[in-house]
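Content type mmCIF, C-alpha atoms, from the file query-v6.cif:
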data_query
#
loop_
_atom_site.label_atom_id
_atom_site.label_comp_id
_atom_site.auth_asym_id
_atom_site.auth_seq_id
_atom_site.Cartn_x
_atom_site.Cartn_y
_atom_site.Cartn_z
CA MET A 1033 -22.71 10.23 -25.95
CA ASN A 1034 -23.41 6.97 -24.15
CA ILE A 1035 -22.12 6.64 -20.59
CA ARG A 1036 -19.20 4.19 -20.54
CA LEU A 1037 -18.29 4.57 -16.87
CA PHE A 1038 -20.39 5.19 -13.77
CA ALA A 1039 -18.22 6.27 -10.80
CA PHE A 1040 -19.83 6.22 -7.36
CA ASP A 1041 -18.67 7.56 -4.02
CA LEU A 1042 -19.64 5.36 -1.07
CA ASP A 1043 -20.36 7.23 2.18
CA GLY A 1044 -23.30 9.58 1.88
CA THR A 1045 -23.89 8.44 -1.70
CA LEU A 1046 -24.39 4.68 -2.03
CA VAL A 1047 -24.00 4.03 1.70
CA ASP A 1048 -26.15 5.70 4.37
CA ARG A 1049 -25.09 6.88 7.83
CA ALA A 1050 -25.82 3.44 9.27
CA GLY A 1051 -23.45 1.82 6.78
CA ARG A 1052 -26.23 0.30 4.67
CA ILE A 1053 -26.77 0.15 0.92
CA SER A 1054 -30.46 0.58 0.10
CA ALA A 1055 -32.25 -1.77 -2.27
CA GLU A 1056 -32.78 1.23 -4.55
CA ASN A 1057 -29.04 1.92 -4.73
CA LEU A 1058 -28.27 -1.75 -5.35
CA ARG A 1059 -30.69 -1.72 -8.27
CA ALA A 1060 -29.14 1.49 -9.62
CA VAL A 1061 -25.69 -0.11 -9.71
CA GLU A 1062 -27.13 -3.24 -11.34
CA GLN A 1063 -28.87 -1.14 -14.00
CA ALA A 1064 -25.69 0.81 -14.70
CA ARG A 1065 -23.75 -2.44 -15.13
CA ALA A 1066 -26.48 -4.01 -17.27
CA SER A 1067 -26.14 -1.11 -19.71
CA GLY A 1068 -22.68 -2.39 -20.62
CA ALA A 1069 -20.88 0.43 -18.87
CA GLU A 1070 -18.13 0.00 -16.33
CA VAL A 1071 -19.05 0.69 -12.71
CA MET A 1072 -16.42 1.83 -10.22
CA ILE A 1073 -16.22 2.77 -6.54
CA VAL A 1074 -14.22 5.94 -5.87
CA THR A 1075 -13.89 6.44 -2.12
CA GLY A 1076 -11.81 7.89 0.68
CA ARG A 1077 -12.11 4.59 2.55
CA SER A 1078 -9.34 2.06 2.88
CA TRP A 1079 -9.55 -1.04 0.70
CA ARG A 1080 -10.18 -3.11 3.81
CA SER A 1081 -13.28 -1.12 4.74
CA THR A 1082 -14.37 -0.84 1.09
CA LEU A 1083 -14.24 -4.58 0.39
CA PRO A 1084 -17.56 -5.54 2.06
CA TYR A 1085 -19.37 -2.95 -0.08
CA TYR A 1086 -17.41 -3.96 -3.18
CA ARG A 1087 -18.68 -7.50 -2.70
CA ALA A 1088 -22.24 -6.45 -1.85
CA LEU A 1089 -22.35 -4.42 -5.07
CA ALA A 1090 -21.01 -7.41 -7.06
CA MET A 1091 -18.03 -5.41 -8.31
CA THR A 1092 -15.28 -7.18 -10.25
CA GLY A 1093 -13.01 -4.49 -11.65
CA PRO A 1094 -10.75 -1.78 -10.22
CA ALA A 1095 -11.60 0.38 -7.22
CA ILE A 1096 -10.11 3.72 -6.22
CA CYS A 1097 -9.53 4.00 -2.46
CA TYR A 1098 -7.91 6.48 -0.05
CA LEU A 1099 -9.13 9.32 -2.37
CA GLY A 1100 -6.85 7.95 -5.11
CA ALA A 1101 -3.76 7.07 -3.08
CA LEU A 1102 -4.54 3.39 -3.75
CA VAL A 1103 -5.98 1.72 -6.84
CA VAL A 1104 -6.71 -2.01 -6.67
CA ALA A 1105 -7.25 -4.20 -9.71
CA ASP A 1106 -10.05 -6.42 -8.46
CA GLY A 1107 -11.51 -8.18 -5.44
CA THR A 1108 -8.21 -9.83 -4.59
CA GLY A 1109 -6.78 -6.44 -3.63
CA ARG A 1110 -4.00 -6.57 -6.23
CA VAL A 1111 -2.42 -3.12 -6.14
CA LEU A 1112 -2.09 -1.18 -9.37
CA GLU A 1113 -1.14 2.22 -7.98
CA HIS A 1114 0.01 3.46 -4.61
CA LEU A 1115 0.98 6.98 -3.63
CA PRO A 1116 2.09 7.18 0.02
CA LEU A 1117 3.36 10.20 1.89
CA GLU A 1118 6.90 11.33 1.18
CA PRO A 1119 9.50 10.73 3.94
CA ALA A 1120 10.00 14.51 4.13
CA ALA A 1121 6.38 14.86 5.20
CA TRP A 1122 5.98 11.79 7.39
CA HIS A 1123 9.15 12.01 9.48
CA PRO A 1124 8.56 15.54 10.89
CA LEU A 1125 4.94 14.70 11.67
CA ARG A 1126 5.93 11.48 13.43
CA ARG A 1127 8.65 13.24 15.44
CA LEU A 1128 6.22 15.92 16.62
CA ALA A 1129 3.59 13.34 17.55
CA LEU A 1130 6.03 11.31 19.63
CA ALA A 1131 7.64 14.35 21.27
CA GLU A 1132 4.34 15.91 22.35
CA GLY A 1133 2.05 12.93 22.80
CA LEU A 1134 -0.26 13.75 19.91
CA ALA A 1135 -2.91 11.35 18.68
CA VAL A 1136 -1.73 10.36 15.21
CA THR A 1137 -2.55 7.28 13.16
CA ALA A 1138 -0.71 5.86 10.16
CA ALA A 1139 -2.71 3.89 7.60
CA VAL A 1140 -0.51 1.54 5.58
CA ALA A 1141 -2.13 0.18 2.42
CA VAL A 1142 0.90 -1.53 0.89
CA PRO A 1143 3.64 -3.36 2.83
CA GLY A 1144 7.04 -1.74 2.72
CA GLY A 1145 5.73 1.52 1.33
CA ALA A 1146 6.03 0.27 -2.26
CA ASP A 1147 4.72 2.91 -4.60
CA GLY A 1148 3.99 3.48 -8.23
CA PRO A 1149 4.44 6.55 -10.39
CA ALA A 1150 1.82 9.23 -9.96
CA GLY A 1151 1.13 8.99 -13.67
CA GLY A 1152 -0.12 5.44 -13.25
CA ASP A 1153 1.72 2.39 -14.56
CA ARG A 1154 -0.83 -0.40 -14.74
CA GLY A 1155 1.71 -2.83 -16.12
CA ARG A 1156 3.41 -2.87 -12.74
CA GLU A 1157 1.58 -4.60 -9.95
CA LEU A 1158 2.67 -4.01 -6.38
CA GLY A 1159 1.40 -7.07 -4.55
CA LEU A 1160 -1.72 -7.14 -2.40
CA ALA A 1161 -3.15 -4.37 -0.25
CA ALA A 1162 -2.35 -4.99 3.42
CA ASP A 1163 -4.41 -2.23 5.02
CA VAL A 1164 -3.09 -2.04 8.55
CA ALA A 1165 -3.17 1.02 10.77
CA TYR A 1166 -1.18 2.09 13.82
CA ALA A 1167 -1.85 4.84 16.35
CA THR A 1168 0.21 6.57 18.99
CA GLY A 1169 -2.88 6.41 21.21
CA ARG A 1170 -6.49 7.48 21.49
CA ALA A 1171 -7.40 11.16 21.58
CA ASP A 1172 -9.18 12.12 24.81
CA ASP A 1173 -11.10 14.87 23.00
CA PHE A 1174 -12.34 12.73 20.12
CA ASN A 1175 -15.67 10.88 20.12
CA GLY A 1176 -16.32 7.65 18.28
CA TRP A 1177 -12.77 6.32 18.16
CA GLU A 1178 -13.97 2.75 17.61
CA ASP A 1179 -16.15 3.79 14.67
CA TRP A 1180 -13.29 5.60 12.99
CA ASN A 1181 -10.61 3.04 13.85
CA PRO A 1182 -12.11 -0.46 13.76
CA TYR A 1183 -8.79 -2.19 13.07
CA THR A 1184 -6.22 0.35 14.28
CA GLU A 1185 -3.54 -1.08 16.58
CA ILE A 1186 -2.04 1.03 19.37
CA ASP A 1187 1.71 1.40 18.77
CA PRO A 1188 2.88 4.34 20.97
CA ALA A 1189 6.19 4.85 19.14
CA LEU A 1190 4.82 3.92 15.70
CA ASP A 1191 7.66 1.43 15.47
CA ARG A 1192 5.60 -0.90 13.32
CA CYS A 1193 5.16 1.75 10.65
CA ALA A 1194 8.49 1.07 8.99
CA SER A 1195 7.99 3.39 6.02
CA PRO A 1196 5.85 6.42 5.17
CA PRO A 1197 2.16 5.48 5.30
CA THR A 1198 -0.48 5.86 2.66
CA MET A 1199 -2.23 8.41 4.85
CA ALA A 1200 -1.76 9.92 8.29
CA ALA A 1201 -4.59 11.21 10.47
CA VAL A 1202 -4.43 13.52 13.46
CA TYR A 1203 -7.30 13.14 15.95
CA GLY A 1204 -8.91 15.62 18.32
CA ASP A 1205 -8.90 19.40 18.65
CA ARG A 1206 -5.70 19.56 20.73
CA SER A 1207 -3.56 17.42 18.44
CA VAL A 1208 -4.93 18.98 15.26
CA ALA A 1209 -4.34 22.52 16.55
CA ARG A 1210 -0.76 21.65 17.50
CA VAL A 1211 0.05 20.16 14.10
CA LEU A 1212 -1.43 23.14 12.26
CA ALA A 1213 0.56 25.51 14.48
CA ALA A 1214 3.79 23.54 14.02
CA PHE A 1215 3.45 23.36 10.24
CA PRO A 1216 1.66 26.58 9.19
CA ASP A 1217 2.86 26.12 5.61
CA GLY A 1218 2.04 22.43 5.52
CA LEU A 1219 4.46 19.56 5.04
CA PRO A 1220 6.64 18.90 1.97
CA ARG A 1221 4.71 17.40 -0.95
CA ALA A 1222 1.68 16.83 1.25
CA GLN A 1223 -1.81 18.25 1.67
CA PHE A 1224 -3.88 18.81 4.79
CA ASP A 1225 -7.57 17.92 4.69
CA LEU A 1226 -9.94 19.10 7.41
CA SER A 1227 -13.15 18.31 5.53
CA ASP A 1228 -14.20 15.89 8.29
CA HIS A 1229 -14.22 18.66 10.89
CA ILE A 1230 -17.41 18.16 12.93
CA GLU A 1231 -17.97 18.94 16.59
CA GLY A 1232 -16.36 16.35 18.82
CA GLU A 1233 -14.76 14.53 15.88
CA THR A 1234 -12.02 16.75 14.49
CA VAL A 1235 -9.74 14.85 12.12
CA LEU A 1236 -6.87 16.23 10.06
CA HIS A 1237 -5.96 13.89 7.21
CA VAL A 1238 -2.51 14.19 5.66
CA TRP A 1239 -2.17 12.91 2.09
CA HIS A 1240 0.42 13.09 -0.66
CA GLU A 1241 -0.05 16.34 -2.56
CA ALA A 1242 -1.10 14.47 -5.73
CA VAL A 1243 -3.86 12.43 -4.07
CA ASP A 1244 -7.18 13.46 -5.56
CA LYS A 1245 -10.30 11.56 -6.66
CA GLY A 1246 -10.54 13.50 -9.91
CA ARG A 1247 -6.91 12.87 -10.87
CA ALA A 1248 -7.17 9.17 -10.10
CA LEU A 1249 -10.36 8.81 -12.11
CA ALA A 1250 -8.87 10.81 -15.00
CA ARG A 1251 -5.78 8.55 -15.11
CA TYR A 1252 -7.95 5.47 -15.22
CA CYS A 1253 -10.09 6.89 -18.01
CA ARG A 1254 -7.06 7.90 -20.09
CA GLU A 1255 -5.67 4.38 -19.84
CA ARG A 1256 -9.04 2.90 -20.82
CA GLY A 1257 -9.64 5.39 -23.62
CA ILE A 1258 -12.78 6.72 -21.96
CA PRO A 1259 -13.37 10.44 -22.64
CA PRO A 1260 -14.65 12.58 -19.76
CA GLU A 1261 -17.95 13.16 -21.53
CA ALA A 1262 -18.64 9.41 -21.33
CA VAL A 1263 -18.33 9.43 -17.52
CA LEU A 1264 -21.06 9.96 -14.93
CA ALA A 1265 -19.82 10.49 -11.37
CA VAL A 1266 -21.96 10.66 -8.23
CA GLY A 1267 -20.83 12.10 -4.89
CA ASP A 1268 -21.84 14.22 -1.93
CA ALA A 1269 -18.81 15.89 -0.36
CA ALA A 1270 -16.06 18.43 -0.93
CA MET A 1271 -13.61 15.60 -1.61
CA ASP A 1272 -15.82 14.57 -4.55
CA VAL A 1273 -15.66 17.95 -6.29
CA THR A 1274 -12.73 17.19 -8.61
CA MET A 1275 -14.36 13.91 -9.64
CA LEU A 1276 -17.67 15.66 -10.34
CA ARG A 1277 -15.89 18.33 -12.39
CA PHE A 1278 -13.90 15.79 -14.40
CA ALA A 1279 -16.93 13.76 -15.38
CA GLY A 1280 -19.08 14.78 -18.32
CA ILE A 1281 -22.01 14.50 -15.94
CA GLY A 1282 -21.34 15.23 -12.28
CA VAL A 1283 -24.19 14.38 -9.93
CA ALA A 1284 -24.57 15.47 -6.30
CA VAL A 1285 -27.08 13.59 -4.19
CA PRO A 1286 -29.73 15.62 -2.31
CA GLY A 1287 -28.33 16.98 0.95
CA SER A 1288 -24.76 17.08 -0.34
CA GLN A 1289 -22.19 19.54 0.98
CA PRO A 1290 -22.39 22.98 -0.68
CA ALA A 1291 -19.15 22.47 -2.61
CA ALA A 1292 -20.46 19.29 -4.21
CA LEU A 1293 -23.79 20.90 -5.06
CA ALA A 1294 -21.99 23.82 -6.70
CA ALA A 1295 -19.80 21.49 -8.79
CA ALA A 1296 -22.61 19.22 -9.96
CA ASP A 1297 -24.50 19.28 -13.24
CA TRP A 1298 -27.45 17.45 -11.69
CA VAL A 1299 -28.82 16.93 -8.19
CA ALA A 1300 -30.29 13.44 -8.00
CA SER A 1301 -30.19 10.18 -6.10
CA PRO A 1302 -27.99 7.43 -7.60
CA ALA A 1303 -31.10 5.69 -8.92
CA GLU A 1304 -32.44 8.89 -10.50
CA ALA A 1305 -29.04 9.68 -12.02
CA VAL A 1306 -28.66 6.23 -13.59
CA ALA A 1307 -32.21 6.20 -14.92
CA ARG A 1308 -31.86 9.67 -16.41
CA ALA A 1309 -28.50 8.86 -18.01
CA LEU A 1310 -29.71 5.62 -19.53
CA GLY A 1311 -33.02 7.11 -20.56
CA SER A 1312 -31.24 9.86 -22.48
CA ARG A 1313 -29.52 7.42 -24.79
CA GLY A 1314 -30.54 7.90 -28.36
#

Give the structure from the file, written as structure tokens.
Amino acid sequence: MNIRLFAFDLDGTLVDRAGRISAENLRAVEQARASGAEVMIVTGRSWRSTLPYYRALAMTGPAICYLGALVVADGTGRVLEHLPLEPAAWHPLRRLALAEGLAVTAAVAVPGGADGPAGGDRGRELGLAADVAYATGRADDFNGWEDWNPYTEIDPALDRCASPPTMAAVYGDRSVARVLAAFPDGLPRAQFDLSDHIEGETVLHVWHEAVDKGRALARYCRERGIPPEAVLAVGDAAMDVTMLRFAGIGVAVPGSQPAALAAADWVASPAEAVARALGSRG
């Protein structure tokens, strides 16, 4: 079957550690688009930090951000879907952070916490993505705060986060350990993600329980009438696994995390994956 949708992760896939898109990867995206297929970014990044890459890649259609907690329609940032944390998850986390001086940030993609049904209702637009972020303060035991939080505003009481955020993040070993100890069974209708746990940069992300790259991509494909076997997805990390498994062809780039390599049908660079997929058309 011809590929009708190419879905690409950004960091570690199309974008290198220095934040650059290689000429080879630009050509791969152009070739995928020239085939007549749709091309989509599926990323854990915010829309605000995705937008420069969206423009550099000459994208025009929807993008999946925040692992699927936010779907935008186009380059204007019109919101199609938004799945923020539930109040029952956010309020206890916020109370603990304020009571014990923990380093917690709240990323707000949509003003007022407006949300859409998890099943996806593309007939209902929710305004424009705002993408602001607030933090109780910097974590003393976390390196690279500026790299991780280029537009985060310090708001010690999180007063400016008027409703549950799209995503919360806990920074540093001390704060992360305290949150895990305080909520050993997790938070209501939420999931904890420690996949970015590297020495000196421990981050615990807190998402709605239904946030998932694979689910978001599957919803989009159902609405577009695109069967999984007509999808090629490329990624590199554990958070890409559900997307790689959903797609008819899941591709892990060389050097990917073990979970992504195990889930993939192919191991190839984006350029190799696109060329192989298009070359196999009969």

**Complete:** In terms of all atoms listed in the file, the residue from A:Met1271, A:Val1299, A:Ala1189, A:Val1266 at minimal distance from Phe1038 of chain A is A:Val1266

**Request:** Would you kindly identify which residues have an atom no farther than 6 Å from (3.0, 15.7, -1.2), using all atoms listed in the file and the file's own coordinates, and write them out as a PyMOL selection string?
**Result:** chain A and resi 1220-1222+1240-1241

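Among the candidates A:Thr1137, A:Gln1223, A:Thr1274, A:Thr1082, the one nearest to Asn1181 of chain A when counting only C-alpha atoms is A:Thr1137.
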
**Message:** For the provided coordinates, the residues matched by the PyMOL selection byres ((chain A and resi 1300) around 9) should be stated as a VMD selection string.
**Reply:** chain A and resid 1266 1283 to 1286 1298 to 1299 1301 to 1305

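Residues matched by the PyMOL selection byres ((chain A and resi 1080) around 9) in this file: Arg1077, Ser1078, Trp1079, Ser1081, Thr1082, Leu1083, Pro1084, Gly1109, Ala1141, Ala1161, Ala1162, Asp1163 and Val1164 of chain A.
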
**Message:** Once the PyMOL selection byres ((chain A and resi 1165-1174) around 7) is applied to the coordinates I shared, what remains selected? I want it as a VMD selection string.
**Reply:** chain A and resid 1135 to 1140 1163 to 1164 1175 to 1177 1183 to 1190 1203 to 1205 1232 to 1234

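The coordinates place atom CA of Arg1126 of chain A at 9.4 Å from atom CA of Ala1200 of chain A.
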
**Request:** For atom CA of His1123 of chain A and atom CA of Pro1197 of chain A, quote the distance in Å rounded to one decimal.
**Result:** 10.4 Å

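Here atom CA of Glu1261 of chain A and atom CA of Arg1277 of chain A stand 10.7 Å from one another.
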
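Among the candidate residues A:Val1263, A:Leu1160, A:Leu1293, A:Leu1042, the one lying nearest to Val1306 of chain A is A:Val1263, with distances computed using all atoms listed in the file.
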